[in-house]
Amino acid sequence: MRLALIGYGNVGRALAALVRRKKSEFPFTITGIHTARHGTAIGARGLPLAPEFGPPAKCLEGFLDAAHADVAVELTTLNPVTGQPAIDHIRAAFARGMHVVTANKGPIAHAYADLRDEAHRRRLLFRFESTVMDGAPVFNQVRNNLPGVKVLGFTGVLNSTSKIVIETMEQGGTFEEGLDAARRMGIAEADASYDVEGWDSTAKTAVLANVLMEARTSPQAISTRGITRLTPERVAALNRDGKTVRLVSRAKQTAKGISLRVRAEVLDQTDILAAVHGTSNLLLLHTDLMGTVGSVSISPGVEQTAYGVFIDLVDVFRAINS
């Protein structure tokens, strides 16, 4: 199965290494890589982990045509405001008969229903497991293991940078020192304000609501309040009282529709939502038939995000070869 990668940052490079490592089990070949920074590389027989990039393709469509791939893998940087240009990248791939796997939250947060329906019309597969909890199964869990279940809501602690900032202040550091720590760890968004103002969590909330609850929402429609008002003094006072703060995503089906919000919430340190630290994340799904079930991702890194993409590629591979 031939792959065309759009974007080749940390996740793209980790994915390429994983594809090479598992090639004997899953015959995937990366035939093209397109980046805004490094240029474009094409190799019909497969590209090395450190390919020689030439000038950027004049347009994404030209790159996709040249790559002759079965699957486009969209790995560009999140734009939480519009989801572009990733949405257009996905549509260009669909137009060429390519299945699509993405780790980019933007398209699912802003245009999921339209993209899902277009893929269905074209008889193509569209997967996005890495958009919310790195490689931890969320959408595949519901699709494959919870048949007939209706998701009535969810509760999640889904942003790592905000936890690092809070924990840094609990240890006597400043807000900025926490942000710097998250940047050094490589977990902050390219624009870290997306993390601390709540946009990353809000985009993930929109993704979950759109996919699991047919919300047809966008990040702008979700009530959001991040952690930017927190100070070391406030965090220390809460800590002395046995409390902490987490950026919490909540969704609930109500008689008036789906209620969605993201808030910096004060929690008891014994609360299950406060149990995740650092880069660890937690998601609870509230359902009609299974009650509340959850997923926890313990200290994931870029390799786990890449594995989430790999899971989707295996899913596509099995489907088209069944």
# chains A, B, ... in the order shown; residues from 1 in each chain; ligands from 1
>>> select_by_dssp(residues="stretch 53-214 of chain A", states="strand (DSSP E)", output="MDAnalysis selection string")
chainID A and resid 71:74 99:102 126:127 151:157
>>> write_last_selection(atoms="C-alpha atoms", output="mmCIF file, in the first residue's frame")
data_model
loop_
_atom_site.group_PDB
_atom_site.id
_atom_site.type_symbol
_atom_site.label_atom_id
_atom_site.label_comp_id
_atom_site.auth_asym_id
_atom_site.auth_seq_id
_atom_site.Cartn_x
_atom_site.Cartn_y
_atom_site.Cartn_z
ATOM 1 C CA VAL A 71 -3.561 6.667 0.919
ATOM 2 C CA ALA A 72 -2.906 10.316 1.703
ATOM 3 C CA VAL A 73 -1.654 10.876 5.269
ATOM 4 C CA GLU A 74 -2.428 14.434 6.388
ATOM 5 C CA HIS A 99 -8.210 7.003 1.125
ATOM 6 C CA VAL A 100 -7.229 9.476 3.855
ATOM 7 C CA VAL A 101 -5.739 9.127 7.318
ATOM 8 C CA THR A 102 -5.096 12.253 9.387
ATOM 9 C CA PHE A 126 -11.441 8.207 6.188
ATOM 10 C CA ARG A 127 -9.694 7.626 9.530
ATOM 11 C CA VAL A 151 -22.816 7.989 23.324
ATOM 12 C CA LEU A 152 -24.787 10.368 25.537
ATOM 13 C CA GLY A 153 -21.838 12.518 26.555
ATOM 14 C CA PHE A 154 -18.204 12.520 27.559
ATOM 15 C CA THR A 155 -15.770 13.985 30.058
ATOM 16 C CA GLY A 156 -12.105 14.381 29.245
ATOM 17 C CA VAL A 157 -8.789 15.818 30.365
#
>>> select_by_dssp(residues="stretch 107-184 of chain A", states="helix (DSSP H, G or I)", output="PyMOL selection string")
chain A and resi 107-121+130-133+139-145+160-170+175-184
>>> write_last_selection(atoms="C-alpha atoms", output="PDB file, in the first residue's frame")
ATOM      1  CA  PRO A 107     -10.744  19.013   9.609  1.00  0.00           C
ATOM      2  CA  ILE A 108     -12.707  16.784  12.011  1.00  0.00           C
ATOM      3  CA  ALA A 109     -13.519  19.723  14.287  1.00  0.00           C
ATOM      4  CA  HIS A 110     -14.771  21.911  11.424  1.00  0.00           C
ATOM      5  CA  ALA A 111     -15.967  19.722   8.554  1.00  0.00           C
ATOM      6  CA  TYR A 112     -16.345  16.127   9.720  1.00  0.00           C
ATOM      7  CA  ALA A 113     -19.841  15.407   8.406  1.00  0.00           C
ATOM      8  CA  ASP A 114     -19.105  16.795   4.947  1.00  0.00           C
ATOM      9  CA  LEU A 115     -15.796  14.936   4.679  1.00  0.00           C
ATOM     10  CA  ARG A 116     -17.317  11.691   5.967  1.00  0.00           C
ATOM     11  CA  ASP A 117     -20.161  11.939   3.472  1.00  0.00           C
ATOM     12  CA  GLU A 118     -17.808  12.718   0.588  1.00  0.00           C
ATOM     13  CA  ALA A 119     -15.658   9.713   1.450  1.00  0.00           C
ATOM     14  CA  HIS A 120     -18.768   7.527   1.579  1.00  0.00           C
ATOM     15  CA  ARG A 121     -19.982   8.768  -1.812  1.00  0.00           C
ATOM     16  CA  SER A 130      -4.753  10.195  16.543  1.00  0.00           C
ATOM     17  CA  THR A 131      -6.757  13.420  16.683  1.00  0.00           C
ATOM     18  CA  VAL A 132      -7.815  13.225  20.350  1.00  0.00           C
ATOM     19  CA  MET A 133      -5.695  10.873  22.517  1.00  0.00           C
ATOM     20  CA  PHE A 139     -13.103   5.966  17.613  1.00  0.00           C
ATOM     21  CA  ASN A 140     -11.954   2.449  16.774  1.00  0.00           C
ATOM     22  CA  GLN A 141     -13.058   1.375  20.251  1.00  0.00           C
ATOM     23  CA  VAL A 142     -16.584   2.628  19.644  1.00  0.00           C
ATOM     24  CA  ARG A 143     -16.720   1.431  16.037  1.00  0.00           C
ATOM     25  CA  ASN A 144     -15.379  -2.048  16.666  1.00  0.00           C
ATOM     26  CA  ASN A 145     -16.188  -2.891  20.283  1.00  0.00           C
ATOM     27  CA  SER A 160      -0.960  17.970  28.126  1.00  0.00           C
ATOM     28  CA  THR A 161       0.554  21.450  28.033  1.00  0.00           C
ATOM     29  CA  SER A 162      -2.003  22.863  30.467  1.00  0.00           C
ATOM     30  CA  LYS A 163      -1.202  20.079  32.961  1.00  0.00           C
ATOM     31  CA  ILE A 164       2.529  20.756  32.689  1.00  0.00           C
ATOM     32  CA  VAL A 165       1.931  24.463  33.349  1.00  0.00           C
ATOM     33  CA  ILE A 166      -0.283  23.746  36.379  1.00  0.00           C
ATOM     34  CA  GLU A 167       2.132  21.188  37.820  1.00  0.00           C
ATOM     35  CA  THR A 168       5.051  23.594  37.347  1.00  0.00           C
ATOM     36  CA  MET A 169       3.189  26.241  39.359  1.00  0.00           C
ATOM     37  CA  GLU A 170       2.328  23.653  42.023  1.00  0.00           C
ATOM     38  CA  PHE A 175       3.261  30.118  34.260  1.00  0.00           C
ATOM     39  CA  GLU A 176       5.925  30.911  31.642  1.00  0.00           C
ATOM     40  CA  GLU A 177       8.326  28.349  33.107  1.00  0.00           C
ATOM     41  CA  GLY A 178       5.601  25.746  32.702  1.00  0.00           C
ATOM     42  CA  LEU A 179       5.072  26.745  29.082  1.00  0.00           C
ATOM     43  CA  ASP A 180       8.814  26.575  28.434  1.00  0.00           C
ATOM     44  CA  ALA A 181       8.896  23.076  29.942  1.00  0.00           C
ATOM     45  CA  ALA A 182       6.084  21.964  27.632  1.00  0.00           C
ATOM     46  CA  ARG A 183       7.904  23.416  24.633  1.00  0.00           C
ATOM     47  CA  ARG A 184      11.123  21.596  25.560  1.00  0.00           C
TER      48      ARG A 184
END
>>> closest_residue(among="A:Asp288, A:Pro48, A:Gly135, A:Val296", to="A:Phe310", atoms="only C-alpha atoms")
A:Gly135
>>> residues_around(residues="stretch 226-231 of chain A", least_positions_apart="6", cutoff="6 Å", atoms="only C-alpha atoms", output="compact mmCIF listing (two decimals) with N, CA and C atoms, in the first residue's frame")
# COMPACT_ATOMS: atom_id res chain seq x y z
N VAL A 196 -3.10 26.82 26.25
CA VAL A 196 -3.48 27.41 27.53
C VAL A 196 -4.79 28.19 27.46
N GLU A 197 -5.15 28.67 26.27
CA GLU A 197 -6.44 29.35 26.12
C GLU A 197 -7.59 28.36 25.88
N GLY A 198 -7.24 27.09 25.72
CA GLY A 198 -8.26 26.06 25.61
C GLY A 198 -8.60 25.63 24.20
N ALA A 264 -11.35 25.39 32.82
CA ALA A 264 -10.37 25.10 33.86
C ALA A 264 -11.17 24.90 35.14
>>> closest_residue(among="A:Ala192, A:Ala103, A:Ala237, A:Val149", to="A:Val11", atoms="only C-alpha atoms")
A:Ala103
>>> closest_residue(among="A:Leu146, A:Ile222, A:Leu60, A:Leu158", to="A:Ile6", atoms="only C-alpha atoms")
A:Leu60
>>> residues_around(residues="A:Val19", least_positions_apart="6", cutoff="12 Å", atoms="only C-alpha atoms", output="ChimeraX atom specification")
/A:1-3,12-13,25-30,46-49,303,306-307,309-311,313-314
>>> residues_around(residues="stretch 78-93 of chain A", least_positions_apart="4", cutoff="6 Å", atoms="only C-alpha atoms", output="PyMOL selection string")
chain A and resi 98+104+106-107
>>> atom_distance(atom1="atom CA of A:Pro55", atom2="atom CA of A:Gly39")
4.9 Å
>>> closest_residue(among="A:Leu238, A:Cys59, A:Ala16, A:Leu260", to="A:Ala215", atoms="only C-alpha atoms")
A:Leu260
>>> atom_distance(atom1="atom CA of A:Val266", atom2="atom CA of A:Pro137")
27.7 Å
>>> atom_distance(atom1="atom CA of A:Leu273", atom2="atom CA of A:Leu247")
9.5 Å
>>> residues_around(residues="A:Lys204", least_positions_apart="3", cutoff="7 Å", atoms="only C-alpha atoms", output="PyMOL selection string")
chain A and resi 105+132+200-201+207-208
>>> residues_around(residues="A:Phe63", least_positions_apart="3", cutoff="9 Å", atoms="only C-alpha atoms", output="list in words")
Ala4, Gly32, Ile33, His34, Thr40, Ala41, Ile42, Pro56, Ala57, Lys58, Cys59, Leu60, Ala66, Ala67 and His68 of chain A
